[in-house]
Structures are given as C-alpha cells and as structure tokens.
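data-v2.cif follows; it contains mmCIF, N, CA and C atoms.
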```cif
data_data
#
loop_
_atom_site.label_atom_id
_atom_site.label_comp_id
_atom_site.auth_asym_id
_atom_site.auth_seq_id
_atom_site.Cartn_x
_atom_site.Cartn_y
_atom_site.Cartn_z
N MET A 1 37.32 32.81 -28.77
CA MET A 1 36.16 33.04 -27.92
C MET A 1 35.20 31.86 -28.00
N LYS A 2 35.00 31.33 -29.21
CA LYS A 2 34.08 30.21 -29.37
C LYS A 2 34.58 28.97 -28.64
N LYS A 3 35.91 28.78 -28.63
CA LYS A 3 36.47 27.62 -27.94
C LYS A 3 36.26 27.73 -26.43
N LYS A 4 36.39 28.94 -25.89
CA LYS A 4 36.19 29.14 -24.45
C LYS A 4 34.73 28.89 -24.08
N LEU A 5 33.82 29.39 -24.89
CA LEU A 5 32.39 29.19 -24.64
C LEU A 5 32.03 27.71 -24.73
N LEU A 6 32.56 27.05 -25.74
CA LEU A 6 32.30 25.62 -25.90
C LEU A 6 32.86 24.83 -24.72
N ALA A 7 34.06 25.18 -24.27
CA ALA A 7 34.67 24.51 -23.12
C ALA A 7 33.84 24.75 -21.85
N LEU A 8 33.36 25.97 -21.69
CA LEU A 8 32.53 26.29 -20.53
C LEU A 8 31.22 25.49 -20.55
N LEU A 9 30.58 25.40 -21.69
CA LEU A 9 29.33 24.64 -21.80
C LEU A 9 29.57 23.15 -21.56
N MET A 10 30.65 22.62 -22.11
CA MET A 10 30.96 21.20 -21.92
C MET A 10 31.28 20.91 -20.46
N GLY A 11 32.04 21.79 -19.83
CA GLY A 11 32.38 21.62 -18.42
C GLY A 11 31.16 21.69 -17.53
N THR A 12 30.27 22.65 -17.82
CA THR A 12 29.04 22.79 -17.05
C THR A 12 28.16 21.55 -17.20
N SER A 13 28.04 21.03 -18.44
CA SER A 13 27.22 19.83 -18.62
C SER A 13 27.82 18.64 -17.90
N LEU A 14 29.13 18.54 -17.88
CA LEU A 14 29.78 17.43 -17.19
C LEU A 14 29.53 17.51 -15.68
N VAL A 15 29.64 18.69 -15.12
CA VAL A 15 29.40 18.87 -13.69
C VAL A 15 27.95 18.56 -13.35
N LEU A 16 27.01 19.06 -14.14
CA LEU A 16 25.59 18.81 -13.88
C LEU A 16 25.25 17.33 -14.02
N ALA A 17 25.84 16.67 -14.98
CA ALA A 17 25.58 15.25 -15.17
C ALA A 17 26.11 14.44 -14.00
N ALA A 18 27.25 14.85 -13.46
CA ALA A 18 27.84 14.13 -12.33
C ALA A 18 27.05 14.35 -11.05
N CYS A 19 26.44 15.51 -10.90
CA CYS A 19 25.72 15.83 -9.67
C CYS A 19 24.31 15.25 -9.65
N GLY A 20 23.67 15.14 -10.77
CA GLY A 20 22.28 14.70 -10.82
C GLY A 20 22.15 13.23 -11.07
N GLY A 21 20.96 12.82 -11.44
CA GLY A 21 20.74 11.45 -11.85
C GLY A 21 20.40 10.50 -10.74
N GLY A 22 20.12 11.00 -9.53
CA GLY A 22 19.76 10.11 -8.43
C GLY A 22 18.39 9.51 -8.65
N ASP A 23 18.12 8.41 -8.00
CA ASP A 23 16.83 7.76 -8.09
C ASP A 23 15.87 8.44 -7.14
N ASP A 24 14.87 9.17 -7.68
CA ASP A 24 13.93 9.90 -6.85
C ASP A 24 13.14 8.98 -5.94
N ALA A 25 12.81 7.79 -6.40
CA ALA A 25 12.05 6.86 -5.57
C ALA A 25 12.85 6.44 -4.35
N ALA A 26 14.15 6.34 -4.48
CA ALA A 26 14.98 5.95 -3.34
C ALA A 26 15.01 7.05 -2.29
N GLU A 27 14.86 8.31 -2.70
CA GLU A 27 14.85 9.40 -1.74
C GLU A 27 13.57 9.43 -0.93
N ASP A 28 12.47 8.92 -1.47
CA ASP A 28 11.20 8.95 -0.79
C ASP A 28 11.06 7.90 0.29
N LYS A 29 11.87 6.85 0.23
CA LYS A 29 11.74 5.75 1.18
C LYS A 29 13.09 5.48 1.82
N ASP A 30 13.07 5.28 3.13
CA ASP A 30 14.28 4.87 3.82
C ASP A 30 14.33 3.35 3.77
N THR A 31 15.46 2.82 3.32
CA THR A 31 15.57 1.38 3.25
C THR A 31 16.72 0.91 4.11
N ALA A 32 16.61 -0.30 4.58
CA ALA A 32 17.66 -0.90 5.38
C ALA A 32 17.67 -2.38 5.09
N THR A 33 18.76 -3.02 5.41
CA THR A 33 18.80 -4.46 5.23
C THR A 33 18.79 -5.11 6.59
N ASN A 34 18.05 -6.19 6.69
CA ASN A 34 18.03 -6.93 7.94
C ASN A 34 19.06 -8.04 7.88
N GLY A 35 19.15 -8.85 8.90
CA GLY A 35 20.17 -9.88 8.99
C GLY A 35 20.13 -10.86 7.84
N GLY A 36 19.00 -11.09 7.22
CA GLY A 36 18.89 -12.05 6.13
C GLY A 36 19.26 -11.48 4.78
N GLY A 37 19.66 -10.21 4.74
CA GLY A 37 20.05 -9.61 3.48
C GLY A 37 18.88 -9.06 2.69
N GLU A 38 17.68 -9.14 3.23
CA GLU A 38 16.52 -8.61 2.53
C GLU A 38 16.43 -7.12 2.77
N THR A 39 15.90 -6.40 1.80
CA THR A 39 15.73 -4.97 1.95
C THR A 39 14.33 -4.71 2.50
N THR A 40 14.26 -3.86 3.53
CA THR A 40 12.98 -3.51 4.11
C THR A 40 12.78 -2.02 3.94
N THR A 41 11.54 -1.59 3.88
CA THR A 41 11.22 -0.19 3.73
C THR A 41 10.72 0.34 5.06
N ASP A 42 11.22 1.52 5.45
CA ASP A 42 10.86 2.11 6.74
C ASP A 42 9.66 3.03 6.57
N THR A 43 8.49 2.42 6.39
CA THR A 43 7.25 3.18 6.30
C THR A 43 6.29 2.64 7.34
N ALA A 44 5.33 3.45 7.71
CA ALA A 44 4.39 3.05 8.76
C ALA A 44 3.21 2.30 8.16
N ASP A 45 2.71 1.34 8.89
CA ASP A 45 1.46 0.72 8.51
C ASP A 45 0.37 1.26 9.43
N ALA A 46 -0.85 0.81 9.25
CA ALA A 46 -1.97 1.35 10.03
C ALA A 46 -1.82 1.07 11.51
N GLY A 47 -1.02 0.10 11.90
CA GLY A 47 -0.87 -0.24 13.31
C GLY A 47 0.13 0.62 14.05
N ASP A 48 0.90 1.44 13.38
CA ASP A 48 1.92 2.24 14.03
C ASP A 48 1.51 3.71 14.00
N ALA A 49 0.64 4.09 14.93
CA ALA A 49 0.03 5.41 14.93
C ALA A 49 1.06 6.52 15.12
N GLN A 50 2.03 6.30 15.99
CA GLN A 50 3.01 7.35 16.24
C GLN A 50 3.84 7.63 14.98
N LYS A 51 4.22 6.59 14.27
CA LYS A 51 5.00 6.77 13.04
C LYS A 51 4.15 7.46 11.98
N LEU A 52 2.88 7.09 11.88
CA LEU A 52 1.98 7.77 10.94
C LEU A 52 1.88 9.25 11.27
N PHE A 53 1.74 9.56 12.56
CA PHE A 53 1.68 10.96 12.99
C PHE A 53 2.95 11.69 12.58
N GLU A 54 4.10 11.07 12.83
CA GLU A 54 5.38 11.70 12.49
C GLU A 54 5.48 11.97 10.99
N GLN A 55 4.99 11.04 10.18
CA GLN A 55 5.09 11.18 8.72
C GLN A 55 4.12 12.22 8.16
N LYS A 56 2.92 12.27 8.69
CA LYS A 56 1.87 13.08 8.07
C LYS A 56 1.48 14.34 8.84
N CYS A 57 1.70 14.36 10.15
CA CYS A 57 1.11 15.42 10.98
C CYS A 57 2.12 16.30 11.71
N SER A 58 3.30 15.76 11.98
CA SER A 58 4.25 16.46 12.85
C SER A 58 4.78 17.75 12.25
N SER A 59 4.75 17.90 10.94
CA SER A 59 5.25 19.14 10.34
C SER A 59 4.42 20.35 10.79
N CYS A 60 3.16 20.14 11.09
CA CYS A 60 2.32 21.24 11.57
C CYS A 60 2.08 21.20 13.08
N HIS A 61 1.96 19.99 13.63
CA HIS A 61 1.62 19.86 15.05
C HIS A 61 2.82 19.62 15.94
N GLY A 62 4.02 19.53 15.36
CA GLY A 62 5.24 19.36 16.13
C GLY A 62 5.54 17.90 16.41
N ALA A 63 6.82 17.57 16.42
CA ALA A 63 7.25 16.19 16.65
C ALA A 63 6.88 15.70 18.04
N ASN A 64 6.80 16.62 18.99
CA ASN A 64 6.45 16.26 20.37
C ASN A 64 5.04 16.71 20.73
N LEU A 65 4.21 16.90 19.71
CA LEU A 65 2.82 17.33 19.87
C LEU A 65 2.70 18.73 20.47
N GLU A 66 3.79 19.51 20.41
CA GLU A 66 3.81 20.82 21.06
C GLU A 66 3.12 21.91 20.24
N GLY A 67 2.76 21.63 19.03
CA GLY A 67 2.13 22.62 18.17
C GLY A 67 3.15 23.35 17.34
N GLY A 68 2.68 24.16 16.47
CA GLY A 68 3.51 24.93 15.55
C GLY A 68 2.56 25.71 14.68
N VAL A 69 2.48 25.34 13.42
CA VAL A 69 1.48 25.93 12.53
C VAL A 69 0.10 25.50 12.99
N GLY A 70 -0.02 24.23 13.37
CA GLY A 70 -1.27 23.69 13.91
C GLY A 70 -1.24 23.72 15.43
N PRO A 71 -2.37 23.47 16.06
CA PRO A 71 -2.43 23.53 17.52
C PRO A 71 -1.67 22.38 18.18
N ALA A 72 -1.33 22.58 19.45
CA ALA A 72 -0.68 21.53 20.24
C ALA A 72 -1.68 20.40 20.45
N LEU A 73 -1.17 19.17 20.42
CA LEU A 73 -2.03 17.99 20.59
C LEU A 73 -1.60 17.14 21.78
N ASP A 74 -0.70 17.67 22.62
CA ASP A 74 -0.17 16.89 23.71
C ASP A 74 -1.21 16.50 24.75
N LYS A 75 -2.33 17.23 24.83
CA LYS A 75 -3.40 16.90 25.78
C LYS A 75 -4.76 16.89 25.08
N ILE A 76 -4.77 16.58 23.80
CA ILE A 76 -6.00 16.64 23.01
C ILE A 76 -7.05 15.64 23.48
N GLY A 77 -6.62 14.50 24.02
CA GLY A 77 -7.55 13.49 24.49
C GLY A 77 -8.37 13.93 25.68
N ALA A 78 -7.92 14.98 26.38
CA ALA A 78 -8.68 15.50 27.52
C ALA A 78 -9.90 16.28 27.07
N SER A 79 -9.86 16.80 25.84
CA SER A 79 -10.98 17.61 25.39
C SER A 79 -11.76 17.01 24.22
N LEU A 80 -11.16 16.09 23.48
CA LEU A 80 -11.86 15.48 22.34
C LEU A 80 -11.82 13.96 22.43
N SER A 81 -12.90 13.33 22.00
CA SER A 81 -12.95 11.86 21.96
C SER A 81 -12.25 11.36 20.70
N LYS A 82 -12.05 10.05 20.65
CA LYS A 82 -11.46 9.42 19.47
C LYS A 82 -12.27 9.74 18.23
N GLU A 83 -13.59 9.68 18.36
CA GLU A 83 -14.47 9.95 17.22
C GLU A 83 -14.35 11.40 16.75
N ASP A 84 -14.26 12.33 17.70
CA ASP A 84 -14.10 13.74 17.34
C ASP A 84 -12.78 13.97 16.60
N ILE A 85 -11.72 13.35 17.11
CA ILE A 85 -10.40 13.49 16.47
C ILE A 85 -10.42 12.87 15.08
N GLU A 86 -11.02 11.70 14.96
CA GLU A 86 -11.11 11.02 13.66
C GLU A 86 -11.92 11.87 12.67
N ASN A 87 -12.97 12.50 13.15
CA ASN A 87 -13.79 13.38 12.31
C ASN A 87 -12.97 14.57 11.81
N THR A 88 -12.15 15.15 12.69
CA THR A 88 -11.29 16.27 12.30
C THR A 88 -10.27 15.83 11.27
N ILE A 89 -9.68 14.65 11.45
CA ILE A 89 -8.71 14.13 10.48
C ILE A 89 -9.39 13.93 9.12
N ALA A 90 -10.58 13.36 9.14
CA ALA A 90 -11.29 13.05 7.89
C ALA A 90 -11.78 14.30 7.17
N ASN A 91 -12.29 15.29 7.92
CA ASN A 91 -12.93 16.45 7.31
C ASN A 91 -12.11 17.73 7.35
N GLY A 92 -11.00 17.71 8.06
CA GLY A 92 -10.19 18.91 8.20
C GLY A 92 -10.84 19.91 9.15
N LYS A 93 -10.09 20.94 9.49
CA LYS A 93 -10.63 21.98 10.37
C LYS A 93 -9.72 23.19 10.26
N GLY A 94 -10.30 24.35 10.03
CA GLY A 94 -9.49 25.55 9.85
C GLY A 94 -8.57 25.39 8.65
N ALA A 95 -7.27 25.58 8.87
CA ALA A 95 -6.30 25.46 7.78
C ALA A 95 -5.89 24.02 7.52
N MET A 96 -6.32 23.10 8.38
CA MET A 96 -5.94 21.69 8.21
C MET A 96 -6.73 21.08 7.05
N PRO A 97 -6.02 20.52 6.07
CA PRO A 97 -6.73 19.89 4.94
C PRO A 97 -7.36 18.56 5.36
N LYS A 98 -8.42 18.20 4.68
CA LYS A 98 -9.08 16.93 4.99
C LYS A 98 -8.35 15.77 4.32
N GLY A 99 -8.49 14.60 4.91
CA GLY A 99 -8.04 13.37 4.29
C GLY A 99 -6.55 13.12 4.25
N LEU A 100 -5.76 13.76 5.12
CA LEU A 100 -4.33 13.45 5.15
C LEU A 100 -4.10 12.00 5.53
N LEU A 101 -4.95 11.49 6.39
CA LEU A 101 -4.97 10.07 6.74
C LEU A 101 -6.38 9.57 6.49
N GLN A 102 -6.51 8.32 6.06
CA GLN A 102 -7.83 7.78 5.78
C GLN A 102 -7.95 6.38 6.34
N GLY A 103 -9.16 5.96 6.57
CA GLY A 103 -9.45 4.59 6.96
C GLY A 103 -8.78 4.17 8.26
N GLU A 104 -8.12 3.02 8.21
CA GLU A 104 -7.48 2.46 9.40
C GLU A 104 -6.38 3.36 9.94
N GLU A 105 -5.67 4.06 9.05
CA GLU A 105 -4.61 4.97 9.49
C GLU A 105 -5.20 6.10 10.32
N ALA A 106 -6.27 6.71 9.84
CA ALA A 106 -6.91 7.80 10.58
C ALA A 106 -7.44 7.30 11.91
N SER A 107 -8.02 6.13 11.93
CA SER A 107 -8.55 5.55 13.16
C SER A 107 -7.43 5.27 14.17
N ALA A 108 -6.31 4.74 13.69
CA ALA A 108 -5.19 4.43 14.58
C ALA A 108 -4.61 5.70 15.20
N VAL A 109 -4.41 6.74 14.39
CA VAL A 109 -3.86 7.98 14.90
C VAL A 109 -4.85 8.66 15.85
N ALA A 110 -6.14 8.61 15.52
CA ALA A 110 -7.15 9.20 16.40
C ALA A 110 -7.17 8.51 17.75
N SER A 111 -7.08 7.19 17.74
CA SER A 111 -7.05 6.43 18.98
C SER A 111 -5.81 6.78 19.80
N TRP A 112 -4.67 6.88 19.15
CA TRP A 112 -3.42 7.22 19.82
C TRP A 112 -3.48 8.61 20.42
N LEU A 113 -4.03 9.58 19.67
CA LEU A 113 -4.15 10.95 20.17
C LEU A 113 -5.17 11.06 21.29
N ALA A 114 -6.24 10.27 21.23
CA ALA A 114 -7.26 10.31 22.27
C ALA A 114 -6.67 9.89 23.63
N GLY A 115 -5.62 9.12 23.62
CA GLY A 115 -4.96 8.71 24.86
C GLY A 115 -4.05 9.78 25.45
N LYS A 116 -3.84 10.88 24.74
CA LYS A 116 -2.99 11.97 25.23
C LYS A 116 -3.83 12.89 26.10
N LYS A 117 -3.65 12.77 27.41
CA LYS A 117 -4.47 13.57 28.35
C LYS A 117 -3.63 14.33 29.32
#
```
File written out as structure tokens:
Amino acid sequence: MKKKLLALLMGTSLVLAACGGGDDAAEDKDTATNGGGETTTDTADAGDAQKLFEQKCSSCHGANLEGGVGPALDKIGASLSKEDIENTIANGKGAMPKGLLQGEEASAVASWLAGKK
C-alpha cells in the first residue's frame, strides 16, 4: 500500500511539474519579433487611444463600444465633451472605479471617445 501511495505522489508531482513553471511576465505581454530580430512588446502608449480603450475599458463597455456591464459609448461624444469624459475617467462614476487611465492616456481616450457621435 505504501508503494502505491508513494508512486501516486511521485507521479502527481511529475505531472504538476511538467504542466507548471511558465513565465508569468510573458503571459502579461504579447511579444513579436520584427524583421530585424528585435523583440517588441504589444502594449499601447498614450498616443493609441483605441488600444488603450481595448486594454482597460472594453471589458465593461464592450469591444465595439456597445456596452455591457458599463454603458454604451458608441455615441458618447454627442452628449459629453472631452473634458466631461476625462473627468469621468479620472473620478469614476457609479460602479466605474476612478483612475483606470491617468494623465496622457486618459486624455487620449477621452479625446477619442468625444469624437464618437
């Protein structure tokens, strides 16, 4: 009986060791190589408002701005100015937490959303 239990424990540890051990940092960032062999990271900077929205906001507001947990934003620029949108991003509203985007990122996304009419 002890040999069976020991074999089961050893087998389980071997399987778990083979399945785990991935680099968590690599899972957080998408990387690709360009023609020069350099590795680039697929993250948004402050100038790419749509990508910032997709990374930080689309889980609640929908990938196509159609809404979901949060309200639809496909025509938000018709009712709110850039400043109003930026204020909402900075301070939150309702269930939306404050500060998901800050500084230039918040300004870029607010400007991009203000153009949705």
Can you list what the PyMOL selection byres ((chain A and resi 79-94) around 8) grabs from this structure, as a ChimeraX atom specification? /A:75-78,95-103,106-117
Length of the atom C of A:His61 to atom N of A:Asp48 vector [Å]: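 Atom C of A:His61 sits 18.5 Å away from atom N of A:Asp48.
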If I take atom N of A:Glu105 and atom C of A:Ala49, how far is one from the other in Å, to one decimal? 9.4 Å
Choose the residue, out of A:Met10, A:Ala72, A:Leu65, A:Met1, that has the smallest atom-to-atom separation from A:Gln50; count only C-alpha atoms.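 Result for the nearest residue to A:Gln50: A:Leu65.
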Interatomic distance between atom C of A:Gly70 and atom CA of A:Lys51?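 Computing it gives 18.2 Å between the two atoms.
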Export stretch 72-85 of chain A, N, CA and C atoms, as a PDB file, in the first residue's frame; it's the structure right above.
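That gives us part23.pdb:
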```pdb
ATOM      1  N   ALA A  72     -23.133  51.927 -22.965  1.00  0.00           N
ATOM      2  CA  ALA A  72     -22.629  52.018 -24.334  1.00  0.00           C
ATOM      3  C   ALA A  72     -21.956  53.374 -24.524  1.00  0.00           C
ATOM      4  N   LEU A  73     -20.860  53.385 -25.275  1.00  0.00           N
ATOM      5  CA  LEU A  73     -20.116  54.623 -25.509  1.00  0.00           C
ATOM      6  C   LEU A  73     -20.020  54.952 -27.001  1.00  0.00           C
ATOM      7  N   ASP A  74     -20.793  54.251 -27.826  1.00  0.00           N
ATOM      8  CA  ASP A  74     -20.685  54.437 -29.264  1.00  0.00           C
ATOM      9  C   ASP A  74     -21.093  55.830 -29.732  1.00  0.00           C
ATOM     10  N   LYS A  75     -21.892  56.551 -28.938  1.00  0.00           N
ATOM     11  CA  LYS A  75     -22.305  57.917 -29.299  1.00  0.00           C
ATOM     12  C   LYS A  75     -22.103  58.872 -28.125  1.00  0.00           C
ATOM     13  N   ILE A  76     -21.133  58.579 -27.278  1.00  0.00           N
ATOM     14  CA  ILE A  76     -20.913  59.369 -26.062  1.00  0.00           C
ATOM     15  C   ILE A  76     -20.511  60.806 -26.364  1.00  0.00           C
ATOM     16  N   GLY A  77     -19.822  61.027 -27.483  1.00  0.00           N
ATOM     17  CA  GLY A  77     -19.384  62.368 -27.840  1.00  0.00           C
ATOM     18  C   GLY A  77     -20.529  63.306 -28.166  1.00  0.00           C
ATOM     19  N   ALA A  78     -21.709  62.755 -28.458  1.00  0.00           N
ATOM     20  CA  ALA A  78     -22.874  63.591 -28.742  1.00  0.00           C
ATOM     21  C   ALA A  78     -23.441  64.212 -27.472  1.00  0.00           C
ATOM     22  N   SER A  79     -23.172  63.582 -26.324  1.00  0.00           N
ATOM     23  CA  SER A  79     -23.745  64.107 -25.088  1.00  0.00           C
ATOM     24  C   SER A  79     -22.712  64.627 -24.089  1.00  0.00           C
ATOM     25  N   LEU A  80     -21.460  64.209 -24.214  1.00  0.00           N
ATOM     26  CA  LEU A  80     -20.428  64.666 -23.282  1.00  0.00           C
ATOM     27  C   LEU A  80     -19.231  65.227 -24.036  1.00  0.00           C
ATOM     28  N   SER A  81     -18.620  66.260 -23.468  1.00  0.00           N
ATOM     29  CA  SER A  81     -17.410  66.841 -24.052  1.00  0.00           C
ATOM     30  C   SER A  81     -16.195  66.013 -23.648  1.00  0.00           C
ATOM     31  N   LYS A  82     -15.073  66.307 -24.277  1.00  0.00           N
ATOM     32  CA  LYS A  82     -13.814  65.641 -23.934  1.00  0.00           C
ATOM     33  C   LYS A  82     -13.502  65.824 -22.458  1.00  0.00           C
ATOM     34  N   GLU A  83     -13.705  67.031 -21.956  1.00  0.00           N
ATOM     35  CA  GLU A  83     -13.418  67.329 -20.553  1.00  0.00           C
ATOM     36  C   GLU A  83     -14.325  66.528 -19.618  1.00  0.00           C
ATOM     37  N   ASP A  84     -15.609  66.409 -19.979  1.00  0.00           N
ATOM     38  CA  ASP A  84     -16.537  65.632 -19.160  1.00  0.00           C
ATOM     39  C   ASP A  84     -16.124  64.154 -19.118  1.00  0.00           C
ATOM     40  N   ILE A  85     -15.748  63.633 -20.283  1.00  0.00           N
ATOM     41  CA  ILE A  85     -15.326  62.227 -20.363  1.00  0.00           C
ATOM     42  C   ILE A  85     -14.045  62.014 -19.560  1.00  0.00           C
TER      43      ILE A  85
END
```
